[in-house]
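final.txt (compact mmCIF, C-alpha atoms) appears below.
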```txt
# COMPACT_ATOMS: atom_id res chain seq x y z
CA MET A 1 -8.60 -75.09 4.37
CA SER A 2 -5.03 -73.82 4.39
CA SER A 3 -3.62 -77.28 5.23
CA ASP A 4 -4.93 -78.52 1.87
CA LEU A 5 -2.93 -75.93 -0.05
CA THR A 6 0.46 -76.68 -1.54
CA LEU A 7 3.43 -74.51 -0.66
CA THR A 8 3.12 -72.73 -4.03
CA GLU A 9 -0.57 -72.02 -3.46
CA ARG A 10 0.13 -70.62 0.00
CA LYS A 11 2.87 -68.40 -1.44
CA GLN A 12 0.53 -67.15 -4.19
CA ARG A 13 -2.20 -66.41 -1.71
CA ARG A 14 0.19 -64.46 0.48
CA ALA A 15 1.45 -62.46 -2.53
CA ARG A 16 -2.15 -61.59 -3.46
CA GLN A 17 -2.91 -60.51 0.12
CA ARG A 18 0.24 -58.38 0.23
CA ILE A 19 -0.82 -56.62 -3.00
CA ILE A 20 -4.27 -55.89 -1.57
CA ALA A 21 -2.86 -54.59 1.72
CA ALA A 22 -0.28 -52.41 -0.05
CA ALA A 23 -2.89 -50.95 -2.41
CA ASP A 24 -5.32 -50.29 0.48
CA ALA A 25 -2.68 -48.39 2.41
CA LEU A 26 -1.53 -46.38 -0.62
CA PHE A 27 -5.06 -45.51 -1.80
CA ALA A 28 -5.98 -44.39 1.71
CA ALA A 29 -2.86 -42.22 2.00
CA ARG A 30 -2.72 -40.65 -1.49
CA GLY A 31 -6.05 -41.30 -3.20
CA PHE A 32 -6.70 -43.71 -6.06
CA ASP A 33 -5.42 -41.59 -8.95
CA ALA A 34 -2.07 -40.74 -7.37
CA VAL A 35 -1.09 -44.41 -6.95
CA SER A 36 0.39 -46.45 -9.82
CA VAL A 37 0.67 -50.21 -10.22
CA GLY A 38 4.42 -49.60 -9.88
CA ASP A 39 3.90 -48.06 -6.44
CA ILE A 40 1.78 -51.01 -5.36
CA VAL A 41 4.18 -53.73 -6.47
CA GLU A 42 7.11 -51.86 -4.89
CA ARG A 43 5.36 -51.67 -1.54
CA ALA A 44 4.07 -55.24 -1.77
CA GLU A 45 7.52 -56.48 -2.81
CA VAL A 46 6.21 -58.46 -5.76
CA GLY A 47 6.85 -58.22 -9.51
CA ARG A 48 4.47 -56.65 -12.06
CA THR A 49 3.87 -60.11 -13.56
CA THR A 50 2.61 -61.30 -10.20
CA PHE A 51 0.32 -58.27 -9.94
CA PHE A 52 -1.24 -58.91 -13.34
CA ARG A 53 -1.62 -62.62 -12.60
CA TYR A 54 -4.20 -61.69 -9.96
CA PHE A 55 -5.65 -58.37 -11.13
CA GLY A 56 -6.65 -57.14 -14.58
CA ASP A 57 -5.94 -53.53 -13.64
CA LYS A 58 -5.52 -51.15 -10.70
CA GLN A 59 -9.30 -50.87 -10.23
CA GLU A 60 -9.66 -54.61 -9.70
CA VAL A 61 -7.54 -54.45 -6.53
CA VAL A 62 -10.16 -52.11 -5.04
CA PHE A 63 -12.79 -54.79 -5.66
CA ALA A 64 -10.67 -57.77 -4.60
CA ARG A 65 -12.92 -58.52 -1.65
CA GLU A 66 -16.12 -58.02 -3.67
CA GLN A 67 -14.74 -60.37 -6.29
CA GLU A 68 -14.19 -63.08 -3.67
CA LEU A 69 -17.77 -62.60 -2.48
CA LEU A 70 -19.05 -62.57 -6.05
CA ASP A 71 -17.38 -65.95 -6.53
CA LEU A 72 -19.17 -67.15 -3.39
CA VAL A 73 -22.61 -66.23 -4.79
CA GLY A 74 -22.22 -68.96 -7.38
CA ALA A 75 -21.71 -71.49 -4.60
CA GLU A 76 -24.67 -70.21 -2.53
CA GLN A 77 -27.63 -72.47 -1.95
CA ILE A 78 -31.21 -71.38 -1.56
CA GLU A 79 -33.68 -73.39 0.42
CA VAL A 80 -36.95 -73.93 -1.34
CA ALA A 81 -39.34 -76.85 -1.55
CA ASP A 82 -39.52 -78.69 -4.88
CA GLY A 83 -42.80 -78.14 -6.67
CA GLY A 84 -43.81 -75.32 -4.30
CA ARG A 85 -44.96 -71.86 -5.42
CA ARG A 86 -42.56 -69.65 -7.33
CA THR A 87 -43.92 -66.11 -6.96
CA LEU A 88 -41.89 -62.90 -6.81
CA ALA A 89 -42.43 -62.78 -3.04
CA ASP A 90 -41.24 -66.39 -2.67
CA ALA A 91 -38.13 -65.47 -4.64
CA LEU A 92 -37.38 -62.54 -2.33
CA VAL A 93 -37.88 -64.72 0.73
CA ALA A 94 -35.46 -67.25 -0.78
CA LEU A 95 -32.81 -64.62 -1.58
CA GLU A 96 -32.92 -62.81 1.76
CA PRO A 97 -30.62 -65.20 3.71
CA VAL A 98 -28.15 -65.24 0.78
CA ILE A 99 -27.92 -61.43 0.76
CA LEU A 100 -27.69 -61.23 4.54
CA ARG A 101 -24.77 -63.69 4.54
CA LEU A 102 -23.00 -61.58 1.91
CA CYS A 103 -23.64 -58.40 3.93
CA GLU A 104 -22.21 -60.05 7.02
CA GLN A 105 -19.04 -61.14 5.21
CA MET A 106 -18.63 -57.82 3.41
CA SER A 107 -18.89 -55.74 6.57
CA ALA A 108 -17.13 -58.11 8.98
CA ASP A 109 -14.14 -55.74 8.91
CA TRP A 110 -16.27 -52.63 9.38
CA GLU A 111 -13.45 -50.07 9.16
CA GLY A 112 -12.10 -51.68 6.00
CA TYR A 113 -15.59 -51.77 4.49
CA ARG A 114 -16.19 -48.07 5.25
CA ARG A 115 -12.81 -47.17 3.79
CA HIS A 116 -13.67 -49.16 0.66
CA LEU A 117 -17.02 -47.39 0.26
CA GLN A 118 -15.44 -43.97 0.75
CA LEU A 119 -12.86 -44.73 -1.93
CA VAL A 120 -15.45 -46.08 -4.38
CA GLU A 121 -18.12 -43.44 -3.86
CA GLY A 122 -15.62 -40.61 -4.16
CA HIS A 123 -14.37 -41.68 -7.60
CA PRO A 124 -16.65 -41.81 -10.68
CA ASP A 125 -14.72 -44.64 -12.42
CA LEU A 126 -14.74 -46.79 -9.29
CA ALA A 127 -18.43 -46.05 -8.72
CA ALA A 128 -19.11 -47.19 -12.29
CA ARG A 129 -17.15 -50.41 -11.79
CA ASP A 130 -19.00 -50.96 -8.51
CA ALA A 131 -22.41 -50.53 -10.16
CA ALA A 132 -21.35 -52.95 -12.90
CA LYS A 133 -20.25 -55.54 -10.34
CA MET A 134 -23.62 -55.22 -8.63
CA GLN A 135 -25.29 -56.09 -11.94
CA ILE A 136 -23.09 -59.19 -12.18
CA VAL A 137 -24.24 -60.15 -8.68
CA ALA A 138 -27.83 -59.64 -9.84
CA LEU A 139 -27.29 -61.99 -12.79
CA ARG A 140 -25.86 -64.68 -10.50
CA LEU A 141 -28.81 -64.33 -8.09
CA ARG A 142 -31.21 -64.57 -11.03
CA ASP A 143 -29.46 -67.73 -12.26
CA LEU A 144 -29.73 -69.21 -8.77
CA LEU A 145 -33.51 -68.67 -8.86
CA VAL A 146 -33.89 -69.91 -12.43
CA ALA A 147 -31.98 -73.07 -11.42
CA HIS A 148 -34.70 -73.54 -8.79
CA GLN A 149 -37.54 -73.34 -11.31
CA TRP A 150 -38.41 -69.65 -11.18
CA ALA A 151 -39.40 -68.03 -14.47
CA THR A 152 -36.99 -65.42 -15.83
CA PHE A 153 -39.13 -62.33 -15.14
CA PRO A 154 -39.73 -62.89 -11.39
CA ALA A 155 -36.16 -64.21 -11.02
CA THR A 156 -34.65 -61.08 -12.61
CA PHE A 157 -36.99 -58.81 -10.69
CA ALA A 158 -36.36 -60.45 -7.31
CA ALA A 159 -32.59 -60.29 -7.87
CA GLU A 160 -32.85 -56.56 -8.65
CA ILE A 161 -35.07 -55.86 -5.63
CA ALA A 162 -32.71 -57.87 -3.41
CA LEU A 163 -29.83 -55.68 -4.59
CA ALA A 164 -31.99 -52.59 -4.03
CA CYS A 165 -32.34 -53.75 -0.41
CA TYR A 166 -28.56 -54.02 -0.04
CA TRP A 167 -27.90 -50.76 -1.86
CA THR A 168 -30.36 -48.77 0.22
CA ALA A 169 -29.09 -50.32 3.45
CA ARG A 170 -25.51 -49.53 2.49
CA HIS A 171 -26.35 -45.85 2.28
CA ALA A 172 -28.20 -45.96 5.59
CA SER A 173 -25.86 -47.89 7.85
CA THR A 174 -23.20 -46.11 9.82
CA GLU A 175 -22.08 -48.60 12.46
CA THR A 176 -20.85 -52.16 12.89
CA GLY A 177 -23.58 -54.68 12.23
CA GLY A 178 -25.69 -51.90 10.77
CA LEU A 179 -25.50 -53.22 7.23
CA VAL A 180 -27.06 -56.59 8.05
CA ASP A 181 -29.82 -55.04 10.19
CA ALA A 182 -30.63 -52.34 7.64
CA THR A 183 -30.70 -54.86 4.78
CA ARG A 184 -33.05 -57.10 6.80
CA ALA A 185 -35.29 -54.09 7.48
CA ALA A 186 -35.36 -53.29 3.76
CA PHE A 187 -36.45 -56.86 2.91
CA ARG A 188 -39.22 -56.55 5.54
CA GLN A 189 -40.44 -53.31 3.96
CA ALA A 190 -40.35 -54.74 0.43
CA LEU A 191 -42.31 -57.82 1.49
CA GLU A 192 -44.93 -55.59 3.16
CA LEU A 193 -45.37 -53.30 0.16
CA GLY A 194 -48.87 -54.45 -0.81
CA ALA A 195 -50.08 -55.05 2.73
CA ASP A 196 -51.72 -51.64 2.71
CA PRO A 197 -54.77 -51.94 0.40
CA SER A 198 -54.81 -48.17 -0.34
CA THR A 199 -51.70 -48.36 -2.53
CA ARG A 200 -52.38 -51.85 -3.89
CA PRO A 201 -53.11 -51.71 -7.63
CA MET B 1 -38.75 -24.73 -29.04
CA SER B 2 -36.46 -24.44 -32.01
CA SER B 3 -37.75 -20.97 -32.92
CA ASP B 4 -36.34 -19.72 -29.61
CA LEU B 5 -32.85 -20.86 -30.52
CA THR B 6 -30.27 -18.55 -32.04
CA LEU B 7 -28.59 -19.48 -35.30
CA THR B 8 -25.45 -20.53 -33.38
CA GLU B 9 -27.49 -22.75 -31.07
CA ARG B 10 -29.22 -24.39 -34.02
CA LYS B 11 -25.85 -25.01 -35.68
CA GLN B 12 -24.45 -26.51 -32.46
CA ARG B 13 -27.46 -28.76 -32.05
CA ARG B 14 -27.12 -29.97 -35.63
CA ALA B 15 -23.40 -30.67 -35.14
CA ARG B 16 -24.18 -32.69 -32.00
CA GLN B 17 -26.87 -34.67 -33.84
CA ARG B 18 -24.48 -35.35 -36.75
CA ILE B 19 -21.87 -36.70 -34.30
CA ILE B 20 -24.44 -39.01 -32.70
CA ALA B 21 -25.73 -40.27 -36.07
CA ALA B 22 -22.19 -40.84 -37.39
CA ALA B 23 -21.15 -42.71 -34.24
CA ASP B 24 -24.33 -44.84 -34.30
CA ALA B 25 -23.70 -45.89 -37.88
CA LEU B 26 -20.00 -46.62 -37.30
CA PHE B 27 -20.55 -48.57 -34.06
CA ALA B 28 -23.27 -50.64 -35.73
CA ALA B 29 -21.03 -51.39 -38.73
CA ARG B 30 -17.68 -52.04 -37.02
CA GLY B 31 -18.32 -52.45 -33.30
CA PHE B 32 -17.44 -49.98 -30.56
CA ASP B 33 -13.73 -50.78 -30.18
CA ALA B 34 -12.90 -50.54 -33.88
CA VAL B 35 -14.16 -46.94 -34.15
CA SER B 36 -12.01 -43.97 -33.10
CA VAL B 37 -13.05 -40.41 -32.30
CA GLY B 38 -11.17 -39.52 -35.51
CA ASP B 39 -13.46 -41.81 -37.53
CA ILE B 40 -16.54 -40.22 -35.96
CA VAL B 41 -15.53 -36.59 -36.58
CA GLU B 42 -14.50 -37.43 -40.14
CA ARG B 43 -17.88 -38.98 -40.94
CA ALA B 44 -19.78 -36.24 -39.08
CA GLU B 45 -17.71 -33.55 -40.82
CA VAL B 46 -16.91 -31.70 -37.60
CA GLY B 47 -13.64 -30.92 -35.82
CA ARG B 48 -12.29 -32.76 -32.79
CA THR B 49 -12.81 -29.62 -30.70
CA THR B 50 -16.50 -29.71 -31.57
CA PHE B 51 -16.65 -33.38 -30.57
CA PHE B 52 -15.10 -32.75 -27.18
CA ARG B 53 -17.34 -29.71 -26.61
CA TYR B 54 -20.30 -32.12 -26.42
CA PHE B 55 -18.82 -35.41 -25.28
CA GLY B 56 -16.23 -36.24 -22.64
CA ASP B 57 -15.14 -39.38 -24.49
CA LYS B 58 -16.24 -41.92 -27.10
CA GLN B 59 -18.41 -43.78 -24.57
CA GLU B 60 -20.47 -40.67 -23.87
CA VAL B 61 -21.76 -40.61 -27.47
CA VAL B 62 -23.30 -44.03 -26.86
CA PHE B 63 -25.23 -42.56 -23.93
CA ALA B 64 -26.14 -39.25 -25.59
CA ARG B 65 -29.84 -40.05 -25.56
CA GLU B 66 -29.74 -41.40 -21.98
CA GLN B 67 -27.96 -38.22 -20.94
CA GLU B 68 -30.76 -36.09 -22.42
CA LEU B 69 -33.31 -38.17 -20.53
CA LEU B 70 -31.23 -37.99 -17.37
CA ASP B 71 -31.35 -34.22 -17.66
CA LEU B 72 -35.13 -34.48 -17.99
CA VAL B 73 -35.46 -36.38 -14.70
CA GLY B 74 -34.39 -33.27 -12.84
CA ALA B 75 -37.25 -31.37 -14.45
CA GLU B 76 -39.84 -34.09 -13.70
CA GLN B 77 -42.68 -33.36 -11.36
CA ILE B 78 -44.35 -35.83 -9.09
CA GLU B 79 -47.92 -35.43 -8.03
CA VAL B 80 -48.46 -35.86 -4.36
CA ALA B 81 -50.68 -34.16 -1.80
CA ASP B 82 -48.95 -31.91 0.74
CA GLY B 83 -49.05 -33.34 4.23
CA GLY B 84 -50.26 -36.76 2.98
CA ARG B 85 -48.62 -40.06 3.85
CA ARG B 86 -45.05 -40.72 2.77
CA THR B 87 -44.64 -44.50 2.88
CA LEU B 88 -42.44 -46.60 0.59
CA ALA B 89 -45.54 -47.70 -1.34
CA ASP B 90 -46.65 -44.06 -1.75
CA ALA B 91 -43.20 -43.25 -3.11
CA LEU B 92 -43.40 -46.04 -5.68
CA VAL B 93 -46.88 -44.90 -6.74
CA ALA B 94 -45.49 -41.37 -7.16
CA LEU B 95 -42.48 -42.52 -9.21
CA GLU B 96 -44.36 -44.86 -11.55
CA PRO B 97 -45.62 -42.21 -14.01
CA VAL B 98 -42.15 -40.59 -14.09
CA ILE B 99 -40.49 -43.90 -15.01
CA LEU B 100 -43.19 -44.75 -17.56
CA ARG B 101 -42.68 -41.39 -19.30
CA LEU B 102 -38.94 -42.05 -19.45
CA CYS B 103 -39.54 -45.56 -20.83
CA GLU B 104 -41.80 -44.13 -23.49
CA GLN B 105 -39.25 -41.54 -24.58
CA MET B 106 -36.35 -43.97 -24.47
CA SER B 107 -38.06 -46.58 -26.61
CA ALA B 108 -39.94 -44.23 -28.99
CA ASP B 109 -37.41 -45.15 -31.68
CA TRP B 110 -37.63 -48.88 -30.99
CA GLU B 111 -35.01 -50.02 -33.49
CA GLY B 112 -32.56 -47.40 -32.26
CA TYR B 113 -33.22 -48.41 -28.66
CA ARG B 114 -32.65 -52.11 -29.40
CA ARG B 115 -29.43 -51.28 -31.26
CA HIS B 116 -28.29 -49.22 -28.29
CA LEU B 117 -28.99 -52.05 -25.82
CA GLN B 118 -27.19 -54.58 -28.01
CA LEU B 119 -24.13 -52.34 -28.18
CA VAL B 120 -24.13 -51.65 -24.43
CA GLU B 121 -24.84 -55.19 -23.25
CA GLY B 122 -22.20 -56.67 -25.53
CA HIS B 123 -19.36 -54.54 -24.18
CA PRO B 124 -18.22 -54.71 -20.52
CA ASP B 125 -17.04 -51.07 -20.35
CA LEU B 126 -20.28 -49.77 -21.82
CA ALA B 127 -22.31 -52.02 -19.51
CA ALA B 128 -20.39 -50.55 -16.57
CA ARG B 129 -21.04 -46.98 -17.72
CA ASP B 130 -24.70 -47.88 -18.22
CA ALA B 131 -25.02 -49.30 -14.70
CA ALA B 132 -23.34 -46.15 -13.33
CA LYS B 133 -25.77 -43.91 -15.23
CA MET B 134 -28.67 -45.88 -13.77
CA GLN B 135 -27.33 -45.11 -10.31
CA ILE B 136 -27.27 -41.40 -11.19
CA VAL B 137 -30.92 -41.69 -12.28
CA ALA B 138 -31.65 -43.35 -8.92
CA LEU B 139 -30.05 -40.43 -7.07
CA ARG B 140 -32.16 -37.92 -9.01
CA LEU B 141 -35.35 -39.88 -8.32
CA ARG B 142 -34.43 -40.02 -4.64
CA ASP B 143 -33.85 -36.25 -4.59
CA LEU B 144 -37.24 -35.74 -6.22
CA LEU B 145 -38.89 -37.70 -3.40
CA VAL B 146 -36.86 -36.01 -0.67
CA ALA B 147 -37.90 -32.64 -2.12
CA HIS B 148 -41.49 -33.82 -1.57
CA GLN B 149 -40.93 -34.62 2.11
CA TRP B 150 -40.01 -38.29 1.97
CA ALA B 151 -37.36 -39.47 4.43
CA THR B 152 -34.04 -40.58 2.90
CA PHE B 153 -34.44 -44.33 3.48
CA PRO B 154 -37.83 -44.84 1.75
CA ALA B 155 -36.81 -42.31 -0.94
CA THR B 156 -33.59 -44.20 -1.74
CA PHE B 157 -35.34 -47.55 -1.58
CA ALA B 158 -38.26 -46.51 -3.82
CA ALA B 159 -35.85 -45.05 -6.38
CA GLU B 160 -33.90 -48.33 -6.45
CA ILE B 161 -37.06 -50.44 -6.75
CA ALA B 162 -38.36 -48.17 -9.53
CA LEU B 163 -35.11 -48.74 -11.43
CA ALA B 164 -35.40 -52.48 -10.74
CA CYS B 165 -38.81 -52.31 -12.47
CA TYR B 166 -37.28 -50.64 -15.53
CA TRP B 167 -34.25 -52.93 -15.57
CA THR B 168 -36.31 -56.11 -15.36
CA ALA B 169 -38.74 -54.86 -18.01
CA ARG B 170 -35.88 -53.95 -20.32
CA HIS B 171 -34.67 -57.55 -20.28
CA ALA B 172 -38.19 -58.85 -20.88
CA SER B 173 -39.48 -56.63 -23.67
CA THR B 174 -38.92 -57.56 -27.26
CA GLU B 175 -41.35 -55.42 -29.25
CA THR B 176 -42.47 -51.83 -29.72
CA GLY B 177 -44.36 -50.56 -26.71
CA GLY B 178 -43.20 -53.59 -24.78
CA LEU B 179 -40.93 -51.61 -22.48
CA VAL B 180 -43.70 -49.37 -21.12
CA ASP B 181 -46.11 -52.29 -20.62
CA ALA B 182 -43.51 -54.52 -19.00
CA THR B 183 -42.38 -51.71 -16.67
CA ARG B 184 -46.00 -51.04 -15.66
CA ALA B 185 -46.46 -54.76 -14.99
CA ALA B 186 -43.34 -54.76 -12.81
CA PHE B 187 -44.67 -51.82 -10.74
CA ARG B 188 -47.97 -53.72 -10.30
CA GLN B 189 -46.10 -56.78 -9.04
CA ALA B 190 -43.94 -54.76 -6.67
CA LEU B 191 -46.97 -53.00 -5.22
CA GLU B 192 -48.69 -56.35 -4.68
CA LEU B 193 -45.72 -57.97 -2.95
CA GLY B 194 -47.20 -58.15 0.53
CA ALA B 195 -50.77 -58.78 -0.59
CA ASP B 196 -50.24 -62.50 -0.01
CA PRO B 197 -50.14 -62.96 3.79
CA SER B 198 -48.11 -66.20 3.53
CA THR B 199 -44.92 -64.36 2.52
CA ARG B 200 -45.62 -61.23 4.58
CA PRO B 201 -43.07 -60.91 7.38
```

The structure in this file should be written as structure tokens.
Amino acid sequence: MSSDLTLTERKQRRARQRIIAAADALFAARGFDAVSVGDIVERAEVGRTTFFRYFGDKQEVVFAREQELLDLVGAEQIEVADGGRRTLADALVALEPVILRLCEQMSADWEGYRRHLQLVEGHPDLAARDAAKMQIVALRLRDLLVAHQWATFPATFAAEIALACYWTARHASTETGGLVDATRAAFRQALELGADPSTRP
Amino acid sequence: MSSDLTLTERKQRRARQRIIAAADALFAARGFDAVSVGDIVERAEVGRTTFFRYFGDKQEVVFAREQELLDLVGAEQIEVADGGRRTLADALVALEPVILRLCEQMSADWEGYRRHLQLVEGHPDLAARDAAKMQIVALRLRDLLVAHQWATFPATFAAEIALACYWTARHASTETGGLVDATRAAFRQALELGADPSTRP
């Protein structure tokens, strides 16, 4: 809540937001490579020290929103009965609402989200950083399951499949709200995989 | 076949192998960051020009073997009847032997493979490059399915789930042959996901 923040904290938060907005505008106008940290701090009207207090490098500004969401994953709760079953399918069912909430938050500003994806997918270094961040999300989801008594193998696997649902949906959705719906559809398909006996091992 | 190669090609191949072997030894002894391209070319007894003919940067040497395998994915064939069904489960069944062959080749030199994983997983930049390479593999697997008449959504999804199988198995296997077996087990589990009606949507 903003009323709980001190004046200094509010100032810091505003400086961080100004850096993100300035970088967004510059990247969109000139492309990632043609923008320097100097350009960003000039437009944001902050010092370099302030920039590096919040971001390790220029790439990190691109993932500022993802980083906030990544921090949220740690605080996510999954609902699961104590002592109940802990299969791979149960793990996927438990992760689905977590992923859908993340999708909703990520794509709430649909135009911003599309712009972000365009920037990331058009630049090999950013795509690499993005893929690495996804693996960090997967580790956090795995830890969430392990904390709820799943074994490591199904926990790791469910986290990876959950990300596969998001990743596939991200490439398929082209309109507002599309990401959440497409991710939900992917979970449905994954959870129906063995329903057809002809492909069941 | 090596008999089909010209003398120049054989020399080039040997130079590339010497670079890889020198880098492997140096990374293992000193860690990735403490080794320069200069150190590698000195030990491999090649010039810098030769180094950069084969590798874009120092990181690429770490992924030399992955890159060879990545090139192989494009040449992989999947066996599937023309005009047959093209569900997500069918796609996974079609990809399984491709992934298992890759696992076998990747882990044929088990000690080398373990050393590689240790290096990559202990270094954020290498982990990022690794995750990015996995996404390139996923794109190639998707293209393979699309070339065999799958629609984009199930093709993308199956490719991501297939990689999830490999990724999970890689974290679970600790002995020779373990990677192939663990990956096969992961495919089995994925293809049985909806077999239990209680978690089926």

10 Å contacts from chain A to chain B using only C-alpha atoms, as a PyMOL selection string: chain A and resi 87-93+124-135+152-169+171-172+182+186-201

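Here CA of Gly56 in chain A stands at a distance of 16.0 Å from CA of Leu70 in chain A.
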
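Coordinates place CA of Ala151 in chain A at a distance of 15.6 Å from CA of Arg170 in chain B.
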
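With distances restricted to all atoms listed in the file, A:Gly84 is the closest residue to Trp150 in chain A from A:Gly84, A:Val98, A:Arg114, A:Leu179.
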
Selected residue, from B:Asp57, B:Ala25, B:Ala147, B:Leu72, that lies nearest to Val37 in chain B when counting all atoms listed in the file: B:Asp57

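Near range 7-23 of chain A, within 10 Å and counting only C-alpha atoms, sit Ala29, Phe32, Val35, Ser36, Val37, Asp39, Ile40, Val41, Glu42, Arg43, Ala44, Glu45, Val46, Gly47, Thr50, Phe51, Arg53, Tyr54, Phe55, Lys58, Glu60, Val61, Val62, Phe63, Ala64 and Arg65 of chain A; same-chain residues fewer than 6 positions away were not included.
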
Closest of B:Arg184, B:Asp33, B:Trp110, B:Gln59 to Leu95 in chain B - atom-to-atom distances counting all atoms listed in the file: B:Arg184

Atomic separation - CA of Ser173 in chain B relative to CA of Ala94 in chain B, Å: 23.3 Å
